[in-house]
Structures are given as C-alpha cells and as structure tokens.
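Containing mmCIF, C-alpha atoms: target-v6.cif.
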```
data_data
#
loop_
_atom_site.label_atom_id
_atom_site.label_comp_id
_atom_site.auth_asym_id
_atom_site.auth_seq_id
_atom_site.Cartn_x
_atom_site.Cartn_y
_atom_site.Cartn_z
CA MET M 1468 -27.09 -91.26 62.36
CA LEU M 1469 -25.95 -89.54 65.53
CA GLU M 1470 -27.66 -90.50 68.76
CA VAL M 1471 -27.03 -88.90 72.13
CA SER M 1472 -28.59 -90.33 75.25
CA ASN M 1473 -28.59 -89.00 78.81
CA LEU M 1474 -25.43 -87.01 78.24
CA ALA M 1475 -24.01 -85.10 81.20
CA CYS M 1476 -21.02 -82.85 81.16
CA SER M 1477 -19.32 -80.56 83.64
CA ARG M 1478 -16.33 -78.26 83.59
CA GLY M 1479 -14.58 -78.23 86.96
CA ASP M 1480 -17.32 -78.40 89.62
CA HIS M 1481 -19.87 -76.68 87.44
CA ARG M 1482 -22.47 -78.96 85.84
CA LEU M 1483 -23.16 -77.64 82.33
CA PHE M 1484 -25.95 -79.97 81.30
CA SER M 1485 -27.33 -83.35 82.21
CA ASP M 1486 -29.85 -85.83 80.83
CA LEU M 1487 -29.42 -84.48 77.35
CA SER M 1488 -30.85 -86.74 74.66
CA PHE M 1489 -31.40 -86.19 70.97
CA ALA M 1490 -30.96 -87.92 67.64
CA LEU M 1491 -29.84 -86.46 64.35
CA HIS M 1492 -30.88 -88.31 61.20
CA PRO M 1493 -29.45 -87.98 57.67
CA GLY M 1494 -30.54 -84.75 56.05
CA GLN M 1495 -31.25 -83.01 59.33
CA ILE M 1496 -29.78 -79.86 60.79
CA MET M 1497 -29.73 -78.82 64.41
CA GLN M 1498 -28.82 -75.58 66.09
CA ILE M 1499 -27.57 -75.51 69.66
CA GLN M 1500 -28.83 -72.43 71.44
CA GLY M 1501 -27.93 -70.96 74.76
CA ALA M 1502 -26.37 -68.00 76.52
CA ASN M 1503 -22.63 -67.51 76.74
CA GLY M 1504 -21.18 -70.12 79.06
CA SER M 1505 -24.13 -72.46 78.81
CA GLY M 1506 -22.00 -75.24 77.37
CA LYS M 1507 -22.53 -75.05 73.62
CA THR M 1508 -18.88 -75.43 72.75
CA SER M 1509 -18.43 -78.07 75.44
CA LEU M 1510 -21.29 -80.07 73.94
CA LEU M 1511 -19.74 -79.89 70.47
CA ARG M 1512 -16.31 -80.82 71.83
CA THR M 1513 -17.88 -83.74 73.68
CA LEU M 1514 -19.41 -84.90 70.39
CA CYS M 1515 -15.91 -84.77 68.88
CA GLY M 1516 -14.53 -86.89 71.69
CA PHE M 1517 -12.21 -84.21 73.10
CA ILE M 1518 -14.14 -84.17 76.36
CA ILE M 1519 -15.15 -87.40 78.05
CA PRO M 1520 -18.75 -87.01 79.25
CA ASP M 1521 -19.54 -87.58 82.95
CA ASP M 1522 -22.43 -89.77 82.01
CA GLY M 1523 -24.39 -90.92 78.99
CA LYS M 1524 -23.57 -92.25 75.57
CA ILE M 1525 -22.91 -90.87 72.11
CA SER M 1526 -23.45 -93.33 69.31
CA TRP M 1527 -22.90 -93.16 65.60
CA CYS M 1528 -24.97 -95.59 63.49
CA GLY M 1529 -25.76 -97.60 66.61
CA GLU M 1530 -22.21 -97.94 67.91
CA ASN M 1531 -20.54 -96.06 70.72
CA VAL M 1532 -18.16 -93.46 69.32
CA ARG M 1533 -15.54 -94.26 71.96
CA GLU M 1534 -15.25 -97.72 70.46
CA LEU M 1535 -15.51 -96.57 66.85
CA ASP M 1536 -12.78 -94.00 67.43
CA GLU M 1537 -11.00 -93.47 64.11
CA ALA M 1538 -13.83 -94.91 62.02
CA TYR M 1539 -16.03 -92.16 63.49
CA PHE M 1540 -13.44 -89.45 62.86
CA ALA M 1541 -13.45 -90.41 59.16
CA GLN M 1542 -17.18 -89.61 59.01
CA MET M 1543 -17.18 -86.29 60.81
CA MET M 1544 -15.66 -82.89 60.50
CA TYR M 1545 -15.20 -80.32 63.22
CA LEU M 1546 -14.69 -76.65 62.72
CA GLY M 1547 -13.96 -74.86 65.97
CA HIS M 1548 -13.40 -71.29 67.12
CA LEU M 1549 -9.79 -71.59 66.05
CA ASN M 1550 -9.18 -71.65 62.32
CA ALA M 1551 -6.40 -74.26 62.39
CA ILE M 1552 -4.50 -72.44 59.69
CA LYS M 1553 -0.82 -71.53 59.75
CA ASP M 1554 0.19 -67.92 59.16
CA GLU M 1555 3.37 -68.92 57.36
CA LEU M 1556 1.64 -71.14 54.81
CA SER M 1557 -0.42 -69.98 51.86
CA ALA M 1558 -4.16 -70.58 51.69
CA LEU M 1559 -3.53 -73.34 49.15
CA GLU M 1560 -0.94 -75.11 51.31
CA ASN M 1561 -3.17 -74.79 54.36
CA LEU M 1562 -6.14 -76.33 52.61
CA ARG M 1563 -4.15 -79.21 51.10
CA ILE M 1564 -2.50 -80.03 54.42
CA SER M 1565 -5.73 -79.97 56.39
CA ALA M 1566 -7.33 -82.22 53.77
CA GLY M 1567 -4.34 -84.53 54.16
CA LEU M 1568 -4.73 -84.60 57.93
CA SER M 1569 -8.35 -85.63 57.51
CA GLY M 1570 -7.17 -88.49 55.33
CA THR M 1571 -7.77 -87.39 51.76
CA GLU M 1572 -5.29 -86.41 49.12
CA LEU M 1573 -6.32 -83.15 47.52
CA ASN M 1574 -4.81 -82.11 44.20
CA GLU M 1575 -3.93 -78.52 43.46
CA LYS M 1576 -6.71 -78.00 40.92
CA ASP M 1577 -9.49 -79.01 43.32
CA ALA M 1578 -7.97 -76.98 46.14
CA ILE M 1579 -7.81 -73.84 43.99
CA ALA M 1580 -11.38 -74.40 42.80
CA ALA M 1581 -12.56 -74.68 46.42
CA LEU M 1582 -10.72 -71.51 47.46
CA ARG M 1583 -12.15 -69.60 44.49
CA ARG M 1584 -15.65 -70.66 45.38
CA MET M 1585 -14.98 -69.28 48.87
CA GLY M 1586 -14.21 -65.92 47.24
CA LEU M 1587 -10.44 -66.06 47.59
CA ARG M 1588 -9.57 -65.73 43.91
CA GLY M 1589 -6.11 -64.25 43.50
CA ARG M 1590 -5.20 -64.91 47.14
CA GLU M 1591 -4.58 -68.65 46.88
CA ARG M 1592 -0.81 -68.35 47.08
CA LEU M 1593 -0.48 -65.51 49.57
CA PRO M 1594 0.70 -66.36 53.07
CA THR M 1595 -2.39 -66.34 55.27
CA LYS M 1596 -0.82 -63.84 57.66
CA VAL M 1597 -1.54 -61.07 55.14
CA LEU M 1598 -5.23 -62.02 54.92
CA SER M 1599 -7.96 -60.41 57.00
CA GLN M 1600 -9.77 -62.23 59.81
CA GLY M 1601 -12.78 -62.92 57.58
CA GLN M 1602 -10.60 -64.20 54.75
CA ARG M 1603 -8.81 -66.57 57.11
CA ARG M 1604 -12.17 -67.87 58.22
CA ARG M 1605 -12.99 -68.45 54.57
CA VAL M 1606 -9.80 -70.47 54.17
CA ALA M 1607 -10.82 -72.61 57.14
CA LEU M 1608 -14.37 -72.98 55.79
CA ALA M 1609 -13.03 -74.10 52.40
CA ARG M 1610 -12.47 -77.45 54.12
CA LEU M 1611 -16.25 -77.97 54.01
CA LEU M 1612 -15.99 -78.03 50.21
CA VAL M 1613 -13.30 -80.67 49.97
CA SER M 1614 -14.45 -83.05 52.69
CA ASP M 1615 -16.70 -86.04 52.23
CA ALA M 1616 -17.61 -86.24 55.92
CA LYS M 1617 -21.24 -87.06 56.72
CA LEU M 1618 -21.48 -85.11 59.95
CA TRP M 1619 -20.46 -81.47 60.18
CA ILE M 1620 -19.92 -80.06 63.66
CA LEU M 1621 -19.59 -76.31 63.30
CA ASP M 1622 -18.83 -74.01 66.22
CA GLU M 1623 -19.74 -70.42 65.32
CA PRO M 1624 -19.11 -70.89 61.58
CA LEU M 1625 -20.35 -67.39 60.79
CA ALA M 1626 -17.99 -65.49 63.10
CA ALA M 1627 -16.12 -62.72 61.22
CA LEU M 1628 -17.90 -63.42 57.92
CA ASP M 1629 -19.57 -60.80 55.73
CA VAL M 1630 -23.07 -61.03 54.25
CA GLY M 1631 -21.88 -62.67 51.03
CA ALA M 1632 -19.97 -65.35 52.87
CA VAL M 1633 -22.91 -66.06 55.19
CA ALA M 1634 -25.10 -66.65 52.12
CA LEU M 1635 -22.42 -68.95 50.72
CA ILE M 1636 -22.27 -70.99 53.94
CA GLN M 1637 -26.06 -71.32 53.90
CA GLU M 1638 -25.80 -72.60 50.35
CA LEU M 1639 -23.09 -75.11 51.32
CA ILE M 1640 -25.13 -76.38 54.23
CA ALA M 1641 -28.21 -76.78 52.00
CA GLU M 1642 -26.14 -78.79 49.49
CA HIS M 1643 -24.73 -80.94 52.27
CA LEU M 1644 -28.22 -81.66 53.66
CA ALA M 1645 -29.46 -82.50 50.17
CA ARG M 1646 -26.69 -85.12 50.00
CA LEU M 1647 -28.19 -86.58 53.23
CA GLY M 1648 -25.45 -85.09 55.37
CA MET M 1649 -25.98 -83.95 58.94
CA VAL M 1650 -25.12 -80.60 60.48
CA ILE M 1651 -24.98 -79.58 64.11
CA PHE M 1652 -23.89 -76.04 64.85
CA THR M 1653 -23.95 -73.04 67.15
CA THR M 1654 -24.33 -69.45 66.09
CA HIS M 1655 -25.37 -66.08 67.44
CA GLN M 1656 -26.27 -64.82 63.98
CA PRO M 1657 -29.40 -65.87 62.11
CA LEU M 1658 -28.77 -68.71 59.68
CA HIS M 1659 -31.54 -69.84 57.36
CA VAL M 1660 -31.40 -72.87 55.17
CA ALA M 1661 -34.06 -72.84 52.46
CA GLY M 1662 -36.57 -75.66 52.57
CA MET M 1663 -35.15 -77.34 55.67
CA GLU M 1664 -36.66 -77.64 59.06
CA MET M 1665 -34.24 -76.21 61.60
CA ARG M 1666 -34.27 -78.12 64.85
CA CYS M 1667 -33.22 -76.27 67.96
CA LEU M 1668 -31.71 -77.51 71.18
CA SER M 1669 -31.61 -75.06 74.05
CA LEU M 1670 -29.07 -75.34 76.80
CA SER M 1671 -29.83 -73.44 79.97
CA MET T 121 -11.18 -88.54 46.54
CA LYS T 122 -8.03 -90.55 47.05
CA LYS T 123 -7.38 -91.91 50.52
CA LEU T 124 -4.02 -91.13 52.03
CA SER T 125 -1.82 -94.06 53.08
CA LEU T 126 -0.12 -94.05 56.48
CA PHE T 127 3.28 -93.48 54.90
CA ALA T 128 1.92 -90.59 52.81
CA LEU T 129 0.51 -89.10 56.03
CA LEU T 130 3.94 -89.38 57.68
CA VAL T 131 5.59 -87.67 54.70
CA LEU T 132 2.93 -84.95 54.70
CA VAL T 133 3.49 -84.12 58.37
CA VAL T 134 7.29 -84.15 58.09
CA ARG T 135 7.18 -81.94 55.01
CA ARG T 136 4.74 -79.54 56.59
CA ASP T 137 6.87 -79.12 59.71
CA LEU T 138 10.06 -78.69 57.69
CA VAL T 139 8.44 -76.01 55.51
CA LEU T 140 7.21 -74.22 58.63
CA ALA T 141 10.66 -74.43 60.20
CA MET T 142 12.26 -73.01 57.06
CA ARG T 143 9.85 -70.07 57.11
CA ARG T 144 10.55 -69.48 60.81
CA ARG T 145 14.30 -69.90 60.60
CA ALA T 146 15.06 -67.94 63.78
CA ASP T 147 13.69 -70.79 65.93
CA VAL T 148 16.02 -73.31 64.33
CA LEU T 149 19.05 -71.07 64.56
CA THR T 150 18.59 -70.25 68.27
CA THR T 151 18.88 -73.94 69.17
CA LEU T 152 22.02 -74.38 67.10
CA ILE T 153 23.63 -71.17 68.31
CA PHE T 154 22.82 -72.08 71.92
CA PHE T 155 24.58 -75.42 71.43
CA VAL T 156 27.66 -73.83 69.85
CA MET T 157 27.86 -71.14 72.55
CA VAL T 158 27.56 -73.48 75.51
CA VAL T 159 30.16 -75.86 74.11
CA SER T 160 32.54 -73.02 73.22
CA LEU T 161 32.34 -71.48 76.69
CA PHE T 162 34.02 -74.47 78.29
CA PRO T 163 37.47 -74.22 76.63
CA LEU T 164 37.41 -70.49 77.40
CA GLY T 165 36.46 -71.04 81.02
CA VAL T 166 38.64 -74.01 81.80
CA GLY T 167 41.75 -72.80 80.00
CA PRO T 168 44.00 -74.46 77.45
CA GLU T 169 44.82 -77.63 79.33
CA MET T 170 44.64 -80.20 76.55
CA ASP T 171 44.37 -83.28 78.72
CA MET T 172 41.52 -81.95 80.73
CA LEU T 173 39.66 -80.66 77.66
CA ARG T 174 40.01 -83.97 75.86
CA LYS T 175 38.65 -85.77 78.89
CA MET T 176 35.62 -83.59 79.41
CA ALA T 177 34.74 -83.14 75.73
CA PRO T 178 32.17 -85.93 75.32
CA GLY T 179 30.37 -84.97 78.52
CA VAL T 180 30.23 -81.28 77.62
CA LEU T 181 28.98 -81.94 74.09
CA TRP T 182 26.35 -84.40 75.24
CA VAL T 183 25.04 -82.18 78.06
CA ALA T 184 24.91 -79.21 75.70
CA ALA T 185 23.01 -81.29 73.13
CA LEU T 186 20.59 -82.38 75.86
CA LEU T 187 19.94 -78.80 76.96
CA ALA T 188 19.64 -77.55 73.37
CA SER T 189 17.01 -80.14 72.59
CA MET T 190 15.06 -79.12 75.74
CA LEU T 191 15.10 -75.57 74.41
CA SER T 192 13.20 -76.50 71.26
CA LEU T 193 10.84 -79.07 72.76
CA GLY T 194 8.42 -76.48 74.12
CA ARG T 195 7.55 -75.49 70.57
CA LEU T 196 6.90 -79.04 69.38
CA PHE T 197 3.15 -78.96 69.94
CA SER T 198 2.45 -75.50 71.38
CA ALA T 199 2.11 -73.66 68.04
CA ASP T 200 -0.33 -76.27 66.74
CA TYR T 201 -2.19 -76.16 70.05
CA LEU T 202 -2.63 -72.38 69.95
CA ASP T 203 -3.93 -72.14 66.38
CA GLY T 204 -6.24 -75.14 66.61
CA THR T 205 -4.33 -77.44 64.25
CA LEU T 206 -3.81 -79.91 67.06
CA GLU T 207 -7.58 -80.36 67.43
CA GLN T 208 -7.73 -81.32 63.76
CA MET T 209 -4.80 -83.69 64.23
CA LEU T 210 -6.59 -85.48 67.07
CA LEU T 211 -9.54 -85.98 64.73
CA ALA T 212 -7.36 -87.50 62.02
CA PRO T 213 -9.09 -90.66 60.86
CA GLN T 214 -5.80 -92.44 60.27
CA SER T 215 -3.39 -92.93 63.08
CA LEU T 216 -2.55 -90.19 65.57
CA SER T 217 0.59 -92.15 66.49
CA VAL T 218 1.89 -91.93 62.92
CA LEU T 219 1.14 -88.23 62.89
CA VAL T 220 3.04 -87.78 66.15
CA LEU T 221 5.94 -89.84 64.76
CA GLY T 222 6.04 -87.43 61.81
CA LYS T 223 6.31 -84.49 64.19
CA MET T 224 9.11 -86.25 66.10
CA VAL T 225 11.05 -86.95 62.90
CA SER T 226 10.81 -83.36 61.73
CA HIS T 227 11.72 -82.08 65.20
CA TRP T 228 14.85 -84.19 65.10
CA MET T 229 15.74 -83.04 61.58
CA VAL T 230 15.38 -79.43 62.65
CA SER T 231 16.91 -79.47 66.12
CA GLY T 232 18.92 -82.69 66.42
CA LEU T 233 20.58 -83.19 63.06
CA PRO T 234 22.17 -79.70 62.89
CA LEU T 235 23.83 -80.37 66.26
CA VAL T 236 25.28 -83.64 64.96
CA LEU T 237 26.59 -81.90 61.84
CA MET T 238 28.18 -79.17 63.97
CA THR T 239 29.93 -81.62 66.28
CA PRO T 240 33.15 -82.26 64.26
CA VAL T 241 34.01 -78.55 64.35
CA LEU T 242 33.29 -78.30 68.06
CA GLY T 243 35.21 -81.49 68.78
CA LEU T 244 38.35 -79.86 67.38
CA GLN T 245 38.09 -77.12 70.01
CA PHE T 246 38.60 -79.84 72.58
CA ASP T 247 41.47 -81.45 70.68
CA MET T 248 39.54 -84.70 70.26
CA SER T 249 41.05 -87.38 68.05
CA MET T 250 39.36 -88.20 64.73
CA GLN T 251 38.37 -91.58 66.06
CA ALA T 252 36.73 -90.10 69.17
CA ILE T 253 34.87 -87.54 67.06
CA ALA T 254 33.57 -90.30 64.78
CA VAL T 255 32.24 -92.29 67.74
CA LEU T 256 30.76 -89.15 69.28
CA ILE T 257 28.90 -88.40 66.04
CA LEU T 258 27.66 -91.97 65.79
CA GLY T 259 26.43 -91.77 69.39
CA LEU T 260 24.70 -88.45 68.77
CA LEU T 261 23.09 -89.82 65.60
CA LEU T 262 21.59 -92.65 67.63
CA GLY T 263 20.91 -90.57 70.74
CA THR T 264 19.42 -87.28 69.58
CA PRO T 265 16.33 -88.97 68.04
CA ILE T 266 15.72 -90.57 71.44
CA LEU T 267 15.86 -87.12 73.05
CA SER T 268 13.27 -85.83 70.54
CA MET T 269 10.99 -88.81 71.10
CA VAL T 270 11.15 -88.93 74.89
CA GLY T 271 10.93 -85.15 74.96
CA ALA T 272 7.74 -85.27 72.90
CA ILE T 273 6.00 -87.16 75.72
CA GLY T 274 6.95 -84.39 78.14
CA ALA T 275 5.93 -81.71 75.65
CA ALA T 276 2.53 -83.35 75.20
CA LEU T 277 1.96 -83.66 78.95
CA THR T 278 2.92 -80.05 79.73
CA LEU T 279 0.91 -78.62 76.84
CA GLY T 280 -0.93 -75.43 77.71
CA LEU T 281 0.48 -75.21 81.23
CA ARG T 282 1.96 -72.01 82.55
CA GLY T 283 5.68 -72.40 83.14
CA GLY T 284 5.48 -75.63 81.17
CA GLY T 285 9.02 -75.19 79.88
CA VAL T 286 10.69 -75.67 83.25
CA LEU T 287 8.39 -78.53 84.17
CA LEU T 288 9.17 -80.13 80.82
CA SER T 289 12.91 -80.12 81.56
CA LEU T 290 12.32 -81.54 85.04
CA LEU T 291 10.22 -84.34 83.56
CA VAL T 292 12.39 -85.21 80.60
CA LEU T 293 15.99 -84.70 81.73
CA PRO T 294 16.02 -87.60 84.21
CA LEU T 295 14.66 -89.90 81.50
CA CYS T 296 17.55 -88.92 79.24
CA ILE T 297 20.26 -89.99 81.68
CA PRO T 298 20.76 -93.46 80.09
CA VAL T 299 21.34 -91.85 76.70
CA LEU T 300 23.91 -89.51 78.26
CA ILE T 301 25.72 -92.37 80.02
CA PHE T 302 25.97 -94.61 76.94
CA GLY T 303 26.83 -91.70 74.65
CA THR T 304 29.74 -90.44 76.75
CA GLY T 305 30.71 -93.99 77.66
CA ALA T 306 31.23 -94.90 74.01
CA VAL T 307 33.68 -92.02 73.49
CA GLU T 308 35.57 -92.87 76.69
CA ALA T 309 35.79 -96.48 75.55
CA VAL T 310 37.29 -95.59 72.19
CA THR T 311 39.85 -93.22 73.69
CA SER T 312 41.01 -95.91 76.12
CA GLY T 313 41.21 -98.46 73.32
CA LEU T 314 38.18 -100.58 74.23
CA SER T 315 35.37 -101.73 71.97
CA VAL T 316 32.49 -99.31 71.55
CA SER T 317 30.03 -101.84 70.21
CA SER T 318 28.33 -102.54 73.56
CA HIS T 319 27.58 -98.87 74.25
CA LEU T 320 26.37 -98.20 70.75
CA SER T 321 24.23 -101.35 70.59
CA LEU T 322 22.56 -100.42 73.87
CA MET T 323 21.90 -96.99 72.46
CA GLY T 324 20.47 -98.59 69.31
CA ALA T 325 18.24 -100.76 71.47
CA LEU T 326 17.00 -97.66 73.31
CA LEU T 327 16.27 -96.03 69.95
CA VAL T 328 14.23 -99.01 68.76
CA LEU T 329 12.37 -99.10 72.07
CA ALA T 330 11.62 -95.39 71.83
CA LEU T 331 10.45 -95.77 68.21
CA ALA T 332 8.07 -98.51 69.23
CA PHE T 333 6.48 -96.89 72.26
CA THR T 334 6.89 -93.12 72.41
CA PRO T 335 4.58 -92.20 69.49
CA TRP T 336 1.69 -94.08 71.06
CA VAL T 337 2.37 -92.72 74.56
CA THR T 338 2.64 -89.18 73.19
CA ALA T 339 -0.64 -89.59 71.32
CA GLN T 340 -2.37 -90.64 74.55
CA ALA T 341 -0.76 -87.73 76.43
CA LEU T 342 -2.05 -85.31 73.78
CA ARG T 343 -5.58 -86.63 74.17
CA ILE T 344 -5.35 -86.07 77.93
CA SER T 345 -3.96 -82.56 77.48
CA MET T 346 -6.69 -81.52 75.07
CA GLU T 347 -9.54 -82.30 77.43
#
```

Write the structure described by the file as structure tokens, please.
Amino acid sequence: MLEVSNLACSRGDHRLFSDLSFALHPGQIMQIQGANGSGKTSLLRTLCGFIIPDDGKISWCGENVRELDEAYFAQMMYLGHLNAIKDELSALENLRISAGLSGTELNEKDAIAALRRMGLRGRERLPTKVLSQGQRRRVALARLLVSDAKLWILDEPLAALDVGAVALIQELIAEHLARLGMVIFTTHQPLHVAGMEMRCLSLS
Amino acid sequence: MKKLSLFALLVLVVRRDLVLAMRRRADVLTTLIFFVMVVSLFPLGVGPEMDMLRKMAPGVLWVAALLASMLSLGRLFSADYLDGTLEQMLLAPQSLSVLVLGKMVSHWMVSGLPLVLMTPVLGLQFDMSMQAIAVLILGLLLGTPILSMVGAIGAALTLGLRGGGVLLSLLVLPLCIPVLIFGTGAVEAVTSGLSVSSHLSLMGALLVLALAFTPWVTAQALRISME
C-alpha cells in the first residue's frame, strides 16, 4: 500500500504542490490530473525517489521509501516519457535487458510472447531504430507484461499509441488490478478500465 | 521468474555496453585513432633524436592515454541519460553500484584496453627497449582502469550540463596526476636499472582503492544529477 502524507514539492523557486495526501490500496487505480506544468510528472518522479520532496513523507506498506530504498524499487515499476530503449538493439534485446535491470531473468520465449501480445509479431529482431514512434512505445510497454511489480507508475502511457494499443493497455491495467496491483498514472487521453472505480487527484 | 544475481547483473551490463559499442564502432575508433595520432605527432615534431625520444616516450604515451580516455568519458552515461535508460538503472532493485561497476568495466574494455594493445607498436616509434615497453604496458594495464573509474565520477557529476565535456576534464585530470606520476616513474626506473616494484605496487593499491570506492561514489553522483 502506498501512502503519501503532506507532500510538498517545488522546482526552482516555484512551488508545485503542497500538503498533498492520499493513499493507494491494492487493487486501486488513480489518475493524476492537471494542466501542463502543474507538476504531474514531478509528483510521479517524487514517488520514484528521483526528486527529494521539500516536505512530507511517502511510505510503502508503512515504511518510509527513503529507508526501504532498493526493497521498494523491487516492488514498483516506472514508465516515463522516455522509452528507455536503445536504437541499436532489437526489440527482443531491449526487453530482455530492461527486465534484467529490474532484477529478473527473462528467457527468450517469454520475451517473444510478450512482444507478440503487444502487436509486434515479426518485428522482434529488428533494430528499434527502424520502428515507428508508436511501435517503440509498445516495446517499452511490453515491460508491463514481464514485470511482477505491485505498483505501476505510468507517465503518459498512451502517448503515440493507436486505438488498438490503447485498448490493450486498458486490458493490461485491468488484469493488473485484478491481481491486486496498484496503478498511478497521468494521461491526457481518456482511459477506461472496466469495472474499476477510477480515483482522480487534481493538481492545480 | 528467476531473480538475477549481482554477478549476473554485472555480466548483463558489461555485455550490453559491449554490444552497443560494437554496433556504434565509430565511437570506439575515434578514441583509438586520437591516441595513435597524438603519440605519432611527437616523433615528427621533435625530430629523430633517439635519446630525447626515448626519454620522453613514457610521458607522451601516458598523457595521450589520459587525454584519449577523457575523450570517451562524456559518452559514458550521456546516451543512457538521454534515452531514459538511466532512470531505469537508478530504479534497479539490486545494487546501483554494481551496475555502475559494469559500465566502468565495459568503458575500460572499449576505450582503455585498445590503447594498451596499441602501445607496443607506438613504443617502437620512440625506440623504447623491450623491457621499457613491457613495464609501460603493465603500468597502463593497472592505470587505465583507474582513469575509467575516476572519470566515471566526473562523468556522473557533469551529466546533462552544457559544456560538460570541458568541465569533466578540469575535474578529472588533476585527480589522475598520481596515476601519471607512478606510470611514467615505473618506466624511468626500469630504464635506469632500478626496481619497478614500488611504482607498480602503488599503482595496484590505487586500483584497489578505486575499485572499492568509485562505484559507490559514482552511484551517489548519478542520483544527485538525476534530480
């Protein structure tokens, strides 16, 4: 369970938000809303520990994430604006390496199955530089399929995706929530997860 | 799913960086060609005075190796920073220090080891004796990993800064002076018939010290740079 209490964060002299408190329980999903520049990405990056908050506490299962450190990283997965894929490597190599970096050994069969489910059949072994923007995003999103992280932190997961891929992501999120996972995300496109109550947090 | 051991993580990172380097061969070659060019310019500029060339050889080779390694340091983390891989590395649930050590090892294999392998040929240009070349290679083998490791701290600190390359050299070069002194000192010792063991053991001690501390320091520097 993720608990945030009295969180305050600023970039430079500009205070983005303060006194922000919420809790996310297993099986819950939360959308962060707000205009451009309102601090959505900063909030997600603070939750990842990249940004040290000015004030307040983030705890995971009752313990401060700054103390948990690597034990917390094992339970969460972050997908940012940047795809974190290498142009020179194939989709398959990219997926296996990023799974390795997050601590799990992924065999070739599972990796190919994940890429095929993401609609990349026949493109598994092509260097990602020949793929389109949306296909690269799909390679990055394939990590959702091979990770056993409890908490997904997704920053604009739907950027550059077509209708089919958006439906697929909604399906993945629904499966993750059914497994009692947690999702916190930002998006400017509508995202509906069947049978789940979508909680919203507005930053202004 | 199977958990990855720390050693497997190290191997994964080294292999990944080597594969990337092989697919971007131009980057590797520029470092090596820079080293060969700089070293070769000296005999041409100074003229064929054997005594003088022999005397300055270790210094020239070491300074050129130092500058060549500065050349490639800027790329150590910047590519991963720009495409977001570094964010994922910072979130690695195992050890960031081990991951950083993997990057240092592959950086050395790509930009340090080729220089060491090239040294015998270059040493002949300076009419160095076989014995002196052997000690020079031994010194470079111990010293170039230190340059990669100390340089990684600088590369992590200057990550994402404009004009970071120059700043990086200003930060790192002074820290490399001990390596330069012991490296050239060992060759001078062997040419004047003294024992080289003291210079090389000090260099070995520096290498062990760097192995123990630089990965952790670099990991902390990366966390600061990412904020």

Exercise for review: Find the distance between atom CA of M:Leu1658 and atom CA of M:Val1633 and write it in Å to one decimal.
Suggested key: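 Those two atoms sit 7.8 Å apart.
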
Review point. For chain M, which residues have at least one atom within 9 Å of chain T, if we go by only C-alpha atoms? Write them as number ranges by chain, please.
Key: M: 1512, 1515-1519, 1536-1553, 1555-1556, 1560, 1564-1565, 1567-1573, 1613-1615

Point to revise | Long-range neighbours of M:Gly1504 as an MDAnalysis selection string, 12 Å cut-off, all atoms listed in the file, 6 positions minimum in chain | key: chainID M and resid 1477:1478 1481:1484 1510 1670:1671

Check your understanding: Pick the closest to T:Arg195 from T:Ala325, T:Leu314, T:Met224, T:Leu261: which is it, counting only C-alpha atoms?
Key ->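 Nearest to T:Arg195: T:Met224.
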
Exercise for review: Rounded to one decimal place, report the atom CA of T:Gly165-atom CA of T:Leu260 distance in Å.
Suggested key: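 Between atom CA of T:Gly165 and atom CA of T:Leu260 the gap is 24.3 Å.
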
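Atom pair atom CA of M:Asp1521 / atom CA of M:Ser1485: separated by 8.9 Å.
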
Which residues, protein or nucleic acid, reach to within 10 Å of (-24.2, -72.4, 66.9) in the file's coordinates when using only C-alpha atoms, and can you give that as a compact mmCIF listing (two decimals) with C-alpha atoms, keeping the file's coordinate frame?
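This went into point.txt:
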```
# COMPACT_ATOMS: atom_id res chain seq x y z
CA MET M 1497 -29.73 -78.82 64.41
CA GLN M 1498 -28.82 -75.58 66.09
CA ILE M 1499 -27.57 -75.51 69.66
CA GLN M 1500 -28.83 -72.43 71.44
CA GLY M 1501 -27.93 -70.96 74.76
CA LYS M 1507 -22.53 -75.05 73.62
CA THR M 1508 -18.88 -75.43 72.75
CA LEU M 1511 -19.74 -79.89 70.47
CA ILE M 1620 -19.92 -80.06 63.66
CA LEU M 1621 -19.59 -76.31 63.30
CA ASP M 1622 -18.83 -74.01 66.22
CA GLU M 1623 -19.74 -70.42 65.32
CA PRO M 1624 -19.11 -70.89 61.58
CA LEU M 1625 -20.35 -67.39 60.79
CA ILE M 1651 -24.98 -79.58 64.11
CA PHE M 1652 -23.89 -76.04 64.85
CA THR M 1653 -23.95 -73.04 67.15
CA THR M 1654 -24.33 -69.45 66.09
CA HIS M 1655 -25.37 -66.08 67.44
CA GLN M 1656 -26.27 -64.82 63.98
CA PRO M 1657 -29.40 -65.87 62.11
CA LEU M 1658 -28.77 -68.71 59.68
CA CYS M 1667 -33.22 -76.27 67.96
```
